[in-house]
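Text of protein-v8.txt, listed as compact mmCIF, C-alpha atoms:
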```
# COMPACT_ATOMS: atom_id res chain seq x y z
CA ALA X 1 -5.38 -15.44 -8.02
CA GLN X 2 -5.82 -13.15 -10.97
CA SER X 3 -3.94 -12.70 -14.20
CA VAL X 4 -4.01 -10.12 -16.96
CA THR X 5 -3.13 -10.68 -20.61
CA GLN X 6 -2.42 -7.81 -22.93
CA LEU X 7 -2.39 -9.46 -26.30
CA ASP X 8 -0.28 -6.90 -28.14
CA SER X 9 3.11 -5.81 -26.87
CA GLN X 10 3.39 -3.08 -29.49
CA VAL X 11 0.75 -1.22 -31.49
CA PRO X 12 1.80 1.27 -34.17
CA VAL X 13 -0.96 3.52 -35.50
CA PHE X 14 -1.09 6.61 -37.67
CA GLU X 15 -2.08 9.93 -36.17
CA GLU X 16 -5.85 10.58 -36.16
CA ALA X 17 -6.60 6.88 -36.73
CA PRO X 18 -8.62 4.87 -34.20
CA VAL X 19 -6.92 2.42 -31.86
CA GLU X 20 -7.93 -0.48 -29.66
CA LEU X 21 -5.63 -1.96 -27.02
CA ARG X 22 -6.76 -5.37 -25.90
CA CYS X 23 -6.91 -6.69 -22.36
CA ASN X 24 -8.23 -9.99 -21.09
CA TYR X 25 -8.26 -11.11 -17.50
CA SER X 26 -8.70 -14.27 -15.51
CA SER X 27 -10.15 -14.39 -12.02
CA SER X 28 -12.20 -16.70 -9.84
CA VAL X 29 -13.76 -13.73 -8.03
CA SER X 30 -15.38 -10.45 -8.95
CA VAL X 31 -12.85 -7.80 -9.99
CA TYR X 32 -12.36 -4.14 -10.58
CA LEU X 33 -10.53 -3.16 -13.78
CA PHE X 34 -8.14 -0.32 -14.54
CA TRP X 35 -6.15 1.17 -17.39
CA TYR X 36 -3.00 3.16 -16.64
CA VAL X 37 -0.70 5.09 -18.95
CA GLN X 38 3.04 5.47 -18.43
CA TYR X 39 5.09 8.08 -20.28
CA PRO X 40 8.87 7.52 -20.56
CA ASN X 41 10.67 7.63 -17.22
CA GLN X 42 7.50 8.50 -15.35
CA GLY X 43 5.10 6.76 -13.01
CA LEU X 44 1.63 5.56 -13.89
CA GLN X 45 -1.37 7.77 -14.45
CA LEU X 46 -4.91 6.42 -14.17
CA LEU X 47 -6.82 6.62 -17.45
CA LEU X 48 -10.05 5.03 -16.35
CA LYS X 49 -11.52 2.33 -14.16
CA TYR X 50 -14.51 0.04 -13.95
CA LEU X 51 -15.94 -0.66 -10.51
CA SER X 52 -19.63 -1.28 -11.26
CA GLY X 53 -22.57 0.07 -13.25
CA SER X 54 -22.37 0.94 -16.92
CA THR X 55 -19.97 -1.33 -18.76
CA LEU X 56 -18.77 1.51 -20.98
CA VAL X 57 -16.33 3.65 -19.06
CA LYS X 58 -15.02 6.98 -20.24
CA GLY X 59 -11.67 8.25 -19.07
CA ILE X 60 -9.26 11.09 -19.57
CA ASN X 61 -7.68 12.15 -22.86
CA GLY X 62 -10.61 10.82 -24.91
CA PHE X 63 -10.09 7.16 -24.01
CA GLU X 64 -12.88 4.74 -23.21
CA ALA X 65 -13.10 1.06 -22.34
CA GLU X 66 -15.82 -1.53 -22.29
CA PHE X 67 -16.12 -4.24 -19.68
CA ASN X 68 -17.33 -7.53 -21.14
CA LYS X 69 -17.89 -10.03 -18.38
CA SER X 70 -18.72 -12.98 -20.65
CA GLN X 71 -15.50 -12.51 -22.61
CA THR X 72 -13.53 -11.39 -19.54
CA SER X 73 -12.23 -8.45 -21.51
CA PHE X 74 -11.65 -4.75 -20.89
CA HIS X 75 -10.39 -3.31 -24.17
CA LEU X 76 -9.26 0.30 -24.37
CA ARG X 77 -10.26 2.44 -27.34
CA LYS X 78 -9.77 5.91 -28.73
CA PRO X 79 -11.44 7.10 -31.95
CA SER X 80 -8.61 9.40 -33.04
CA VAL X 81 -5.11 9.28 -31.59
CA HIS X 82 -2.59 12.09 -31.25
CA ILE X 83 1.19 12.07 -31.20
CA SER X 84 1.01 12.79 -27.48
CA ASP X 85 -0.72 9.44 -26.89
CA THR X 86 2.56 7.64 -27.58
CA ALA X 87 3.22 5.81 -24.31
CA GLU X 88 3.01 2.45 -22.55
CA TYR X 89 -0.46 1.35 -21.47
CA PHE X 90 -1.11 -1.10 -18.65
CA CYS X 91 -4.29 -2.97 -17.87
CA ALA X 92 -4.75 -4.02 -14.24
CA VAL X 93 -7.25 -5.90 -12.11
CA LYS X 94 -8.04 -6.00 -8.43
CA ASN X 95 -10.20 -8.25 -6.31
CA SER X 96 -13.37 -6.29 -5.61
CA GLY X 97 -13.63 -7.66 -2.09
CA ALA X 98 -13.31 -5.37 0.91
CA GLY X 99 -9.80 -5.10 2.27
CA SER X 100 -8.20 -6.26 -0.97
CA TYR X 101 -5.83 -3.67 -2.37
CA GLN X 102 -3.34 -5.49 -4.58
CA LEU X 103 -3.28 -4.65 -8.28
CA THR X 104 -2.22 -7.25 -10.83
CA PHE X 105 -0.81 -5.71 -14.01
CA GLY X 106 -0.54 -6.94 -17.55
CA LYS X 107 2.80 -6.72 -19.34
CA GLY X 108 1.86 -3.52 -21.09
CA THR X 109 1.23 -2.38 -24.65
CA LYS X 110 3.47 0.20 -26.23
CA LEU X 111 1.42 2.52 -28.39
CA SER X 112 3.40 4.37 -31.04
CA VAL X 113 1.58 7.09 -32.94
CA ILE X 114 3.08 7.76 -36.36
CA PRO X 115 2.79 11.28 -37.77
CA GLY Z 116 -5.90 15.85 -7.30
CA ALA Z 117 -3.98 13.31 -5.28
CA VAL Z 118 -0.25 13.68 -5.76
CA VAL Z 119 2.48 11.24 -4.81
CA SER Z 120 6.12 12.25 -4.94
CA GLN Z 121 9.29 10.20 -4.87
CA HIS Z 122 12.79 11.24 -3.99
CA PRO Z 123 15.27 10.93 -5.51
CA SER Z 124 14.11 10.56 -9.08
CA TRP Z 125 17.45 9.07 -10.13
CA VAL Z 126 20.30 7.66 -8.09
CA ILE Z 127 23.60 6.07 -9.00
CA CYS Z 128 25.53 4.24 -6.30
CA LYS Z 129 28.46 1.91 -5.85
CA SER Z 130 27.97 -1.78 -5.27
CA GLY Z 131 27.70 -2.56 -1.57
CA THR Z 132 26.19 0.73 -0.49
CA SER Z 133 22.64 1.30 0.71
CA VAL Z 134 20.12 3.58 -0.93
CA LYS Z 135 16.97 5.08 0.58
CA ILE Z 136 13.99 6.04 -1.58
CA GLU Z 137 11.20 8.20 -0.17
CA CYS Z 138 7.55 8.10 -1.18
CA ARG Z 139 5.26 10.89 0.00
CA SER Z 140 1.56 11.56 -0.40
CA LEU Z 141 1.42 15.35 -0.71
CA ASP Z 142 -2.23 16.20 -0.26
CA PHE Z 143 -3.82 13.16 1.30
CA GLN Z 144 -3.26 10.60 4.01
CA ALA Z 145 -2.22 7.14 2.92
CA THR Z 146 -2.64 4.30 5.35
CA THR Z 147 -1.43 1.90 2.68
CA MET Z 148 1.43 2.37 0.25
CA PHE Z 149 2.78 -0.08 -2.28
CA TRP Z 150 6.26 -0.57 -3.69
CA TYR Z 151 6.71 -1.89 -7.21
CA ARG Z 152 9.73 -2.78 -9.28
CA GLN Z 153 9.77 -2.43 -13.04
CA PHE Z 154 12.41 -3.94 -15.29
CA PRO Z 155 12.98 -2.46 -18.75
CA LYS Z 156 10.08 -3.07 -21.10
CA GLN Z 157 8.26 -5.13 -18.49
CA SER Z 158 5.30 -4.70 -16.22
CA LEU Z 159 5.21 -3.62 -12.62
CA MET Z 160 5.85 -6.30 -10.06
CA LEU Z 161 4.53 -5.69 -6.56
CA MET Z 162 7.33 -5.99 -4.03
CA ALA Z 163 5.55 -5.17 -0.80
CA THR Z 164 2.59 -3.51 0.84
CA SER Z 165 3.39 -0.92 3.46
CA ASN Z 166 0.92 -0.13 6.22
CA GLU Z 167 1.34 2.85 8.51
CA GLY Z 168 2.46 1.80 11.95
CA SER Z 169 2.96 -1.85 11.16
CA LYS Z 170 5.37 -4.16 9.38
CA ALA Z 171 5.30 -4.36 5.63
CA THR Z 172 3.92 -7.39 3.85
CA TYR Z 173 6.36 -8.72 1.28
CA GLU Z 174 5.51 -10.66 -1.85
CA GLN Z 175 6.92 -14.11 -2.36
CA GLY Z 176 10.51 -14.02 -3.51
CA VAL Z 177 11.24 -10.52 -2.21
CA GLU Z 178 13.98 -10.44 0.44
CA LYS Z 179 12.72 -8.40 3.38
CA ASP Z 180 16.23 -7.94 4.75
CA LYS Z 181 17.37 -6.63 1.38
CA PHE Z 182 14.50 -4.25 0.79
CA LEU Z 183 13.67 -2.53 4.07
CA ILE Z 184 10.35 -0.70 4.16
CA ASN Z 185 9.31 1.78 6.81
CA HIS Z 186 5.91 3.51 6.81
CA ALA Z 187 6.65 6.11 9.45
CA SER Z 188 3.62 8.34 9.02
CA LEU Z 189 0.39 8.67 7.07
CA THR Z 190 2.24 10.55 4.33
CA LEU Z 191 5.66 8.89 4.14
CA SER Z 192 7.00 5.45 3.29
CA THR Z 193 10.64 4.66 2.62
CA LEU Z 194 12.31 1.81 0.77
CA THR Z 195 15.95 1.12 1.59
CA VAL Z 196 17.91 -1.12 -0.72
CA THR Z 197 20.65 -2.51 1.49
CA SER Z 198 24.04 -3.57 0.16
CA ALA Z 199 22.94 -2.83 -3.37
CA HIS Z 200 24.33 -4.84 -6.28
CA PRO Z 201 24.09 -4.30 -10.03
CA GLU Z 202 21.17 -6.74 -10.28
CA ASP Z 203 19.18 -4.37 -8.05
CA SER Z 204 19.31 -1.74 -10.75
CA SER Z 205 15.74 -1.05 -11.74
CA PHE Z 206 12.90 1.47 -11.77
CA TYR Z 207 11.16 1.57 -8.40
CA ILE Z 208 7.64 2.99 -8.23
CA CYS Z 209 5.47 3.60 -5.20
CA SER Z 210 1.73 4.08 -5.00
CA ALA Z 211 -0.65 5.10 -2.26
CA ARG Z 212 -4.28 4.64 -1.35
CA ASP Z 213 -6.15 7.74 -0.23
CA ARG Z 214 -7.58 6.97 3.20
CA GLY Z 215 -10.31 9.53 2.72
CA ARG Z 216 -11.41 8.17 -0.63
CA ALA Z 217 -11.29 4.45 0.00
CA LEU Z 218 -14.51 3.85 -1.92
CA THR Z 219 -12.93 5.08 -5.14
CA ASP Z 220 -10.47 2.21 -4.84
CA THR Z 221 -7.75 4.06 -6.67
CA GLN Z 222 -4.02 3.89 -6.20
CA TYR Z 223 -2.05 7.04 -6.98
CA PHE Z 224 1.40 6.44 -8.36
CA GLY Z 225 4.61 8.31 -7.82
CA PRO Z 226 6.89 9.29 -10.72
CA GLY Z 227 9.37 6.52 -9.97
CA THR Z 228 13.02 6.30 -8.96
CA ARG Z 229 15.63 4.91 -11.30
CA LEU Z 230 18.38 3.12 -9.39
CA THR Z 231 21.64 2.29 -11.11
CA VAL Z 232 24.19 0.27 -9.15
CA LEU Z 233 27.72 0.29 -10.54
```
Is it possible to express this structure as structure tokens?
Amino acid sequence: AQSVTQLDSQVPVFEEAPVELRCNYSSSVSVYLFWYVQYPNQGLQLLLKYLSGSTLVKGINGFEAEFNKSQTSFHLRKPSVHISDTAEYFCAVKNSGAGSYQLTFGKGTKLSVIP
Amino acid sequence: GAVVSQHPSWVICKSGTSVKIECRSLDFQATTMFWYRQFPKQSLMLMATSNEGSKATYEQGVEKDKFLINHASLTLSTLTVTSAHPEDSSFYICSARDRGRALTDTQYFGPGTRLTVL
């Protein structure tokens, strides 16, 4: 079984400031890692994912995340946020084994960008 | 890119009635679709996994007779909430795996359906 912990339920940040949204996971097997963004009353949109290879993953909208296996973390970062980044962000993990499709989500972090 | 649609986007119904929610993959074939439920300010909870041509696999605690899932084709899965009650009010989201891009291991999410039961 896997679990995902998003340490901050809410993160307020001023426009053009950097932000880091934290995600830690627990798993007894190798995993794939994902970050999704959800705007109000909408579904989820994939920001980025780590499957293998380079531990620094770049995604859409200027976001990036770094996979740290020793710390079991996959923190999301952006050097300069915009008002339009205000949304809920979900970290998720999935067993990397073949035939395993289920995603396990964290509880989400609400990012509020202050003008 | 891969697009998943849901219909309706918002539905209000009376207690005791049944509601059907459709999930469609518009530009790809999805052998596997997932149904999630999201309560206000909470994460997504997987309800069931829907496989084309076979019975859905329900997560522990989800009533299969209450939430009927039918994956009729490679592009359509439906969730029917039978005899809905106010506690079934929630945001229901579906996702789909692209059969042709299985190696990317990505689920594409629909925009969600907000169900309000009066």
Selection near Z:His186, 10 Å with all atoms listed in the file, sequence-local residues under 4 positions removed, as number ranges by chain: Z: 137-138, 145-148, 164-171, 190-194
Report as lines of an AutoDock Vina configuration file the centre and the edge lengths, in Å to one decimal, of the axis-aligned box holding every listed atom of stretch 76-85 of chain X, padded by 3 Å on each side.
```
center_x = -5.1
center_y = 6.5
center_z = -28.7
size_x = 18.6
size_y = 18.5
size_z = 14.7
```
Listing only residues of chain Z within 6 Å of chain X, what is the closest atom pair and its distance in Å (to one decimal) for each, using all atoms listed in the file, sorted by chain and residue number ascending, as a tab-separated table?
```
residue	atom	partner	partner_atom	distance
Z:Gln157	CA	X:Lys107	CA	5.7
Z:Ser158	CA	X:Lys107	CA	4.5
Z:Phe224	CA	X:Leu44	CA	5.6
Z:Gly225	CA	X:Gly43	CA	5.4
Z:Pro226	CA	X:Gly43	CA	3.9
Z:Gly227	CA	X:Gly43	CA	5.2
```
8 Å contact set for Z:Val118, only C-alpha atoms, chain neighbours under 5 positions out, as a ChimeraX atom specification: /Z:140-143,223-225
Interatomic distance (Å, one decimal) between atom CA of Z:Lys179 and atom CA of Z:Gln222: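 Atom-to-atom, atom CA of Z:Lys179 to atom CA of Z:Gln222, that is 22.9 Å.
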Spatial neighbours of X:Ile83, 12 Å, all atoms listed in the file, chain gap at least 3 places, as a VMD selection string: chain X and resid 12 to 17 80 86 to 87 111 to 115
Residue nearest Z:Ile136 - candidates Z:Arg229, Z:Lys156, Z:His122, Z:Lys181, atoms counted: only C-alpha atoms: Z:His122
Gap from atom CA of X:His82 to atom CA of X:Leu47 - Å, one decimal: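 That distance, rounded to one decimal, is 15.4 Å.
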